[in-house]
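Shown next: protein-v3.csv, containing CSV, C-alpha atoms.
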chain,number,residue,atom,x,y,z
E,13,LEU,CA,-4.2,-2.7,8.8
E,14,LEU,CA,-3.2,0.7,10.3
E,15,LEU,CA,-6.2,0.7,12.7
E,16,THR,CA,-5.5,-2.9,13.7
E,17,GLY,CA,-1.9,-1.9,14.6
E,18,LEU,CA,-3.1,1.1,16.5
E,19,ILE,CA,-5.5,-1.0,18.6
E,20,LEU,CA,-2.9,-3.7,19.3
E,21,GLY,CA,-0.2,-1.1,20.2
E,22,ALA,CA,-2.5,0.6,22.6
E,23,ALA,CA,-3.6,-2.7,24.1
E,24,LEU,CA,0.0,-3.9,24.5
E,25,GLU,CA,1.1,-0.7,26.2
E,26,THR,CA,-1.9,-0.7,28.5
E,27,HIS,CA,-1.3,-4.3,29.5
E,28,ASP,CA,2.5,-3.9,29.8
E,29,PRO,CA,4.0,-0.5,30.2
E,30,GLU,CA,7.4,-1.9,29.1
E,31,ALA,CA,6.0,-2.6,25.6
E,32,VAL,CA,6.7,1.0,24.5
E,33,TYR,CA,10.4,0.4,24.8
E,34,ALA,CA,10.2,-2.5,22.3
E,35,LEU,CA,7.8,-0.8,19.9
E,36,VAL,CA,9.2,2.8,19.7
E,37,PRO,CA,12.7,2.7,18.0
E,38,ARG,CA,15.5,5.0,19.1
E,39,SER,CA,15.9,6.1,15.5
E,40,LEU,CA,12.8,8.3,15.9
E,41,GLY,CA,14.7,10.3,18.5
E,42,TYR,CA,13.1,8.8,21.6
E,43,SER,CA,15.9,7.7,24.0
E,44,THR,CA,15.3,5.3,26.8
E,45,GLY,CA,15.6,8.1,29.3
E,46,GLN,CA,13.1,10.2,27.5
E,47,LEU,CA,10.6,7.3,27.3
E,48,ASP,CA,11.1,6.7,31.0
E,49,ARG,CA,10.2,10.3,31.8
E,50,LEU,CA,7.2,10.2,29.4
E,51,VAL,CA,5.8,7.0,30.9
E,52,SER,CA,6.3,8.0,34.6
E,53,SER,CA,5.7,11.8,34.7
E,54,PRO,CA,2.7,13.8,33.6
E,55,GLU,CA,4.8,16.9,33.9
E,56,SER,CA,7.3,15.5,31.4
E,57,ARG,CA,4.5,14.7,29.0
E,58,ALA,CA,3.2,18.3,29.3
E,59,ASP,CA,6.7,19.7,28.7
E,60,PHE,CA,7.1,17.4,25.7
E,61,LEU,CA,3.8,18.7,24.1
E,62,ALA,CA,4.4,22.3,25.0
E,63,GLY,CA,4.9,24.4,21.8
E,64,ASP,CA,7.7,26.9,21.4
E,65,GLU,CA,8.4,29.3,18.7
E,66,THR,CA,11.4,28.2,16.5
E,67,PRO,CA,13.3,30.1,13.7
E,68,VAL,CA,11.7,29.8,10.3
E,69,MET,CA,15.0,28.5,8.8
E,70,ALA,CA,15.1,25.7,11.4
E,71,ASN,CA,11.5,24.8,10.6
E,72,ALA,CA,12.2,24.7,6.9
E,73,ILE,CA,15.2,22.4,7.3
E,74,PHE,CA,13.2,20.2,9.7
E,75,GLY,CA,10.3,20.1,7.2
E,76,SER,CA,12.6,19.1,4.3
E,77,ALA,CA,14.0,16.3,6.4
E,78,LEU,CA,10.6,15.1,7.3
E,79,PHE,CA,9.3,15.1,3.8
E,80,ALA,CA,12.3,13.1,2.6
E,81,HIS,CA,12.0,10.6,5.4
E,82,ASN,CA,8.2,10.1,5.1
E,83,THR,CA,8.4,9.9,1.3
E,84,ARG,CA,11.1,7.2,1.6
E,85,VAL,CA,8.9,5.3,4.0
E,86,GLY,CA,6.0,5.5,1.6
E,87,PHE,CA,8.0,4.4,-1.4
E,88,LEU,CA,9.4,1.5,0.7
E,89,SER,CA,5.9,0.4,1.6
E,90,PHE,CA,4.9,0.6,-2.1
E,91,ALA,CA,8.0,-1.3,-3.4
E,92,MET,CA,7.7,-4.1,-0.9
E,93,GLY,CA,4.4,-4.9,-2.3
E,94,MET,CA,6.1,-6.8,-5.1
E,95,LEU,CA,6.9,-9.6,-2.5
E,96,ALA,CA,3.3,-10.7,-2.6
E,97,GLY,CA,2.3,-7.8,-0.4
E,98,VAL,CA,3.4,-9.5,2.8
E,99,PRO,CA,6.1,-7.0,3.9
E,100,THR,CA,3.7,-4.1,3.1
E,101,ILE,CA,1.1,-5.7,5.4
E,102,LEU,CA,3.6,-6.1,8.2
E,103,PHE,CA,5.0,-2.6,7.7
E,104,GLN,CA,1.5,-1.0,7.8
E,105,VAL,CA,0.6,-2.9,11.0
E,106,TYR,CA,3.9,-1.9,12.6
E,107,ASN,CA,3.2,1.8,11.9
E,108,GLY,CA,0.0,1.4,13.8
E,109,LEU,CA,1.7,-0.5,16.6
E,110,LEU,CA,4.2,2.3,17.1
E,111,VAL,CA,1.7,5.1,17.2
E,112,GLY,CA,-0.7,3.1,19.3
E,113,ALA,CA,1.9,2.4,21.9
E,114,LEU,CA,3.2,6.0,22.1
E,115,GLY,CA,-0.3,7.4,22.1
E,116,SER,CA,-1.4,5.1,24.9
E,117,VAL,CA,1.3,6.7,27.1
E,118,PHE,CA,-0.3,10.1,26.6
E,119,PHE,CA,-3.9,8.8,26.9
E,120,SER,CA,-3.1,7.8,30.5
E,121,ASP,CA,-3.7,11.5,31.3
E,122,PRO,CA,-7.3,12.4,32.1
E,123,TRP,CA,-7.6,14.9,29.2
E,124,PRO,CA,-5.3,14.1,26.4
E,125,PHE,CA,-6.4,17.0,24.1
E,126,GLU,CA,-2.9,18.4,23.9
E,127,PHE,CA,-1.6,15.1,22.5
E,128,LEU,CA,-4.4,15.0,19.9
E,129,ALA,CA,-3.7,18.6,19.0
E,130,TRP,CA,0.0,17.6,18.7
E,131,ILE,CA,-0.4,14.6,16.4
E,132,LEU,CA,-3.6,15.0,14.4
E,133,PRO,CA,-2.9,18.1,12.3
E,134,HIS,CA,0.1,16.4,10.6
E,135,GLY,CA,-0.9,12.8,11.4
E,136,ILE,CA,-4.1,12.9,9.3
E,137,PRO,CA,-2.4,13.7,5.9
E,138,GLU,CA,0.7,11.7,6.8
E,139,PHE,CA,-1.0,8.4,7.7
E,140,THR,CA,-3.4,8.9,4.7
E,141,ALA,CA,-0.4,9.2,2.4
E,142,ILE,CA,1.3,6.1,4.0
E,143,THR,CA,-1.9,4.2,3.6
E,144,LEU,CA,-2.2,5.2,-0.1
E,145,CYS,CA,1.3,3.9,-0.7
E,146,ALA,CA,0.5,0.7,1.1
E,147,ALA,CA,-2.6,0.3,-1.0
E,148,ALA,CA,-0.5,0.7,-4.1
E,149,GLY,CA,1.9,-1.9,-2.8
E,150,LEU,CA,-1.0,-4.3,-2.2
E,151,LEU,CA,-2.2,-3.8,-5.7
E,152,LEU,CA,1.2,-5.0,-6.9
E,153,GLY,CA,1.2,-7.8,-4.3
E,154,GLY,CA,-2.3,-9.0,-5.5
E,155,ALA,CA,-1.1,-9.1,-9.1
E,156,VAL,CA,1.9,-11.3,-8.0
E,157,ALA,CA,0.1,-13.5,-5.5
E,158,LEU,CA,-3.3,-13.9,-7.3
E,159,PRO,CA,-2.8,-13.6,-11.0
E,160,GLY,CA,-5.7,-16.0,-11.7
E,161,ARG,CA,-5.6,-17.5,-15.2
E,162,ARG,CA,-3.5,-14.7,-16.5
E,163,ARG,CA,0.3,-14.4,-16.6
E,164,ARG,CA,1.8,-12.4,-13.8
E,165,ARG,CA,3.4,-10.1,-16.3
E,166,ASP,CA,0.0,-9.1,-17.6
E,167,THR,CA,-1.6,-8.6,-14.2
E,168,LEU,CA,1.4,-6.5,-13.0
E,169,ARG,CA,1.1,-4.3,-16.1
E,170,ASP,CA,-2.5,-3.7,-15.4
E,171,ALA,CA,-1.8,-2.9,-11.7
E,172,VAL,CA,1.0,-0.4,-12.3
E,173,GLU,CA,-1.1,2.5,-13.5
E,174,PRO,CA,-3.6,2.6,-10.6
E,175,ALA,CA,-0.7,1.9,-8.2
E,176,LEU,CA,1.3,4.8,-9.5
E,177,LEU,CA,-1.8,7.1,-9.3
E,178,LEU,CA,-2.1,6.2,-5.6
E,179,VAL,CA,1.6,7.0,-5.0
E,180,GLY,CA,1.3,10.2,-6.9
E,181,ALA,CA,-1.7,11.2,-4.7
E,182,ALA,CA,0.4,10.5,-1.6
E,183,ILE,CA,3.3,12.8,-2.5
E,184,PRO,CA,1.5,16.1,-2.0
E,185,LEU,CA,0.0,14.8,1.2
E,186,PHE,CA,3.5,14.0,2.5
E,187,ALA,CA,4.5,17.6,1.6
E,188,ILE,CA,1.5,19.0,3.5
E,189,ALA,CA,2.2,16.8,6.5
E,190,ALA,CA,5.8,18.0,6.6
E,191,LEU,CA,4.8,21.7,6.4
E,192,ILE,CA,2.3,21.2,9.2
E,193,GLU,CA,4.7,19.2,11.4
E,194,SER,CA,7.5,21.7,11.0
E,195,PHE,CA,5.6,25.0,11.2
E,196,VAL,CA,2.5,24.1,13.2
E,197,ARG,CA,3.6,21.4,15.6
E,198,GLU,CA,6.8,23.4,16.4
E,199,SER,CA,4.9,26.5,17.3
E,200,ALA,CA,3.1,28.1,20.2
E,201,LEU,CA,-0.4,27.8,18.6
E,202,ALA,CA,-3.2,27.1,21.0
E,203,THR,CA,-4.7,23.6,21.3
E,204,GLY,CA,-8.1,24.7,19.9
E,205,THR,CA,-6.4,26.2,16.8
E,206,ARG,CA,-4.5,23.0,16.2
E,207,LEU,CA,-7.6,20.8,16.6
E,208,GLY,CA,-9.5,23.2,14.2
E,209,LEU,CA,-6.7,22.7,11.7
E,210,ALA,CA,-7.0,18.9,12.1
E,211,ALA,CA,-10.7,19.0,11.6
E,212,ALA,CA,-10.3,21.1,8.4
E,213,MET,CA,-7.7,18.7,7.1
E,214,LEU,CA,-10.0,15.7,7.8
E,215,ALA,CA,-12.9,17.5,6.1
E,216,ALA,CA,-10.8,18.3,3.0
E,217,LEU,CA,-9.6,14.7,2.7
E,218,LEU,CA,-13.1,13.3,3.0
E,219,ALA,CA,-14.4,15.7,0.4
E,220,SER,CA,-11.5,14.7,-1.9
E,221,LEU,CA,-12.2,11.0,-1.5
E,222,LEU,CA,-15.9,11.5,-2.1
E,223,TYR,CA,-15.1,13.5,-5.3
E,224,VAL,CA,-12.7,10.8,-6.5
E,225,ARG,CA,-15.3,8.1,-5.8
E,226,ARG,CA,-17.9,10.0,-7.8
E,227,VAL,CA,-15.6,10.4,-10.7
E,228,ALA,CA,-14.6,6.8,-10.6
E,229,MET,CA,-18.3,5.8,-10.7
E,230,ARG,CA,-18.6,7.5,-14.1
E,231,VAL,CA,-15.9,5.3,-15.6
E,232,GLU,CA,-17.2,2.4,-17.6
E,233,VAL,CA,-16.0,-0.9,-16.2
E,234,ASN,CA,-14.6,-3.4,-18.7
E,235,THR,CA,-16.5,-6.7,-18.3
E,236,ASP,CA,-15.1,-8.5,-21.3
E,237,TRP,CA,-13.6,-11.1,-19.1
E,238,LEU,CA,-17.1,-12.2,-18.1
E,239,PHE,CA,-17.9,-12.9,-21.8
E,240,ALA,CA,-14.7,-14.9,-22.1
E,241,LEU,CA,-15.7,-17.1,-19.2
E,242,SER,CA,-19.3,-17.6,-20.4
E,243,ALA,CA,-18.5,-18.0,-24.1
E,244,PRO,CA,-20.2,-21.0,-25.8
E,245,PRO,CA,-18.0,-24.1,-26.2
E,246,ARG,CA,-16.2,-24.7,-29.5
E,247,SER,CA,-17.6,-27.3,-31.9
E,248,GLU,CA,-16.1,-29.4,-34.6
E,249,SER,CA,-16.5,-28.0,-38.1
E,250,PRO,CA,-18.2,-30.5,-40.5
E,251,ASP,CA,-16.0,-29.4,-43.4
E,252,SER,CA,-12.5,-29.3,-42.0
E,253,GLY,CA,-12.8,-31.2,-38.7
E,254,SER,CA,-11.1,-28.4,-36.8
E,255,ALA,CA,-12.5,-26.5,-33.9
E,256,SER,CA,-14.2,-23.2,-34.7
E,257,PRO,CA,-16.4,-20.8,-32.7
E,258,ARG,CA,-20.1,-20.8,-33.2
Can you give me the file's structure in the form of structure tokens?
Amino acid sequence: LLLTGLILGAALETHDPEAVYALVPRSLGYSTGQLDRLVSSPESRADFLAGDETPVMANAIFGSALFAHNTRVGFLSFAMGMLAGVPTILFQVYNGLLVGALGSVFFSDPWPFEFLAWILPHGIPEFTAITLCAAAGLLLGGAVALPGRRRRRDTLRDAVEPALLLVGAAIPLFAIAALIESFVRESALATGTRLGLAAAMLAALLASLLYVRRVAMRVEVNTDWLFALSAPPRSESPDSGSASPR
């Protein structure tokens, strides 16, 4: 869903440069005048991406605000899953639309390595965390929308534990993303250093996912429901005339 939004946002911005004004909200700190400069001027884009040293205290305050905001976004995506998962789907696609449209502006430059170095170090853990929260929301949404032959109360009860595990895994990723965004993005580190950090973060996440998958493969899967579906039919008892299992 996030990747679909990224592709759509980039395609919309490429086809119509005015799309960025509709997709990037002012609440993120991008005014109309700033967007005008970013769209029209390569020099403005270079100035926007240029890193400057900032005081540690200012970075700490900025990082705390980022962590609170991103965690709130993740919890919202998770909680909206109760509405059959539809708002969570729309929210995840919109996140991709926003980043895709803004990224397309910077990809109009011949070599957008500075933009990749600006967004990837914190974007990799941040978008992974948001996606984990969305997956947790869709678990709840699936329990509500597709309970099968069971009661929704029972399917929701079974979905809560894995959903909370996903949200719990997202919280430290939000913290890591906030630290990187406040102390690395707002710094004068070189482009190569930032890209190296992004590569290390991606490798660590992939290793973690492979480890979790390996652990999950060792857990025995409960297939009792298959036996319930394939159980032999009940027959009439010759003594009492009531139904009893064979």
Nearest to Ile73 (chain E), chosen from E:Trp123, E:Phe195, E:Phe118, E:Tyr223, with only C-alpha atoms counted in the distances
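Distance minimum relative to Ile73 (chain E) lands on E:Phe195.
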Each residue of region 40-134 of chain E lying at most 10 Å from region 154-177 of chain E should get a row with its shortest atom-to-atom pair and the distance in Å to one decimal, counting only C-alpha atoms; could you produce that, ordered by chain and increasing number, as JSON lines?
{"residue": "E:Phe90", "atom": "CA", "partner": "E:Ala175", "partner_atom": "CA", "distance": 8.4}
{"residue": "E:Gly93", "atom": "CA", "partner": "E:Gly154", "partner_atom": "CA", "distance": 8.5}
{"residue": "E:Met94", "atom": "CA", "partner": "E:Val156", "partner_atom": "CA", "distance": 6.8}
{"residue": "E:Leu95", "atom": "CA", "partner": "E:Val156", "partner_atom": "CA", "distance": 7.6}
{"residue": "E:Ala96", "atom": "CA", "partner": "E:Ala157", "partner_atom": "CA", "distance": 5.1}
{"residue": "E:Gly97", "atom": "CA", "partner": "E:Gly154", "partner_atom": "CA", "distance": 7.0}
{"residue": "E:Val98", "atom": "CA", "partner": "E:Ala157", "partner_atom": "CA", "distance": 9.8}
Distance table requested - region 117-138 of chain E against region 54-68 of chain E, cut-off 12 Å, all atoms listed in the file: one row per qualifying residue with the closest atom pair and its distance in Å to one decimal, ordered by chain and rising residue number, as JSON lines.
{"residue": "E:Val117", "atom": "CA", "partner": "E:Arg57", "partner_atom": "CA", "distance": 8.8}
{"residue": "E:Phe118", "atom": "CA", "partner": "E:Arg57", "partner_atom": "CA", "distance": 7.1}
{"residue": "E:Phe119", "atom": "CA", "partner": "E:Arg57", "partner_atom": "CA", "distance": 10.5}
{"residue": "E:Ser120", "atom": "CA", "partner": "E:Pro54", "partner_atom": "CA", "distance": 8.9}
{"residue": "E:Asp121", "atom": "CA", "partner": "E:Pro54", "partner_atom": "CA", "distance": 7.2}
{"residue": "E:Pro122", "atom": "CA", "partner": "E:Pro54", "partner_atom": "CA", "distance": 10.2}
{"residue": "E:Trp123", "atom": "CA", "partner": "E:Pro54", "partner_atom": "CA", "distance": 11.3}
{"residue": "E:Pro124", "atom": "CA", "partner": "E:Ala58", "partner_atom": "CA", "distance": 9.9}
{"residue": "E:Phe125", "atom": "CA", "partner": "E:Leu61", "partner_atom": "CA", "distance": 10.3}
{"residue": "E:Glu126", "atom": "CA", "partner": "E:Leu61", "partner_atom": "CA", "distance": 6.7}
{"residue": "E:Phe127", "atom": "CA", "partner": "E:Leu61", "partner_atom": "CA", "distance": 6.7}
{"residue": "E:Leu128", "atom": "CA", "partner": "E:Leu61", "partner_atom": "CA", "distance": 9.9}
{"residue": "E:Ala129", "atom": "CA", "partner": "E:Leu61", "partner_atom": "CA", "distance": 9.1}
{"residue": "E:Trp130", "atom": "CA", "partner": "E:Leu61", "partner_atom": "CA", "distance": 6.7}
{"residue": "E:Ile131", "atom": "CA", "partner": "E:Leu61", "partner_atom": "CA", "distance": 9.7}
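Within 6 Å of region 28-42 of chain E, once only C-alpha atoms are used and residues closer than 2 positions along the same chain are dropped, the contacting residues are Leu24, Glu25, Thr26, Leu110 and Ala113 of chain E.
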May I have the residues within 12 Å of Ala210 (chain E) as a ChimeraX atom specification, using only C-alpha atoms and disregarding those fewer than 4 positions away in the same chain?
/E:128-138,189,192-193,196-197,203-206,214-217
Skipping near chain neighbours, those fewer than 3 positions away, what residues fall within 12 Å of His81 (chain E) using all atoms listed in the file, listed as a PyMOL selection string?
chain E and resi 39-40+74-78+84-88+138+142+183+186-187+189-190
I'd like the contact shell of Ala182 (chain E) - 8 Å cut-off, all atoms listed in the file, skipping same-chain residues fewer than 6 positions apart - returned as a VMD selection string.
chain E and resid 140 to 142 144 to 145
Just C-alpha atoms for this one: save the residues we selected as a PDB file, in the frame of the given file.
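New file part-v9.pdb:
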ATOM      1  CA  THR E 140      -3.400   8.900   4.700  1.00  0.00           C
ATOM      2  CA  ALA E 141      -0.400   9.200   2.400  1.00  0.00           C
ATOM      3  CA  ILE E 142       1.300   6.100   4.000  1.00  0.00           C
ATOM      4  CA  LEU E 144      -2.200   5.200  -0.100  1.00  0.00           C
ATOM      5  CA  CYS E 145       1.300   3.900  -0.700  1.00  0.00           C
TER       6      CYS E 145
END
From the options E:Ala219, E:Val224, E:Leu13, E:Ala212, which residue's atoms come nearest to Leu178 (chain E), counting all atoms listed in the file?
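Nearest candidate to Leu178 (chain E) out of E:Ala219, E:Val224, E:Leu13, E:Ala212: E:Val224.
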Any idea what the distance is between CA of Phe103 (chain E) and CA of Leu221 (chain E)?
23.8 Å
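One finds CA of Ser194 (chain E) at 15.3 Å from CA of Thr83 (chain E).
Among E:Ala181, E:Leu102, E:Leu50, E:Leu15, the residue with the shortest atom-to-atom distance to Ser220 (chain E), counting all atoms listed in the file, is E:Ala181.
Nearest residue to Ser116 (chain E), choosing from E:Ala22, E:Glu232, E:Ile101, E:Ser53 and counting only C-alpha atoms: E:Ala22.
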Taking only C-alpha atoms into account, which of E:Phe139, E:Gly149, E:Phe79, E:Leu207 comes nearest Thr100 (chain E)?
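Among E:Phe139, E:Gly149, E:Phe79, E:Leu207, it is E:Gly149 that comes nearest to Thr100 (chain E).
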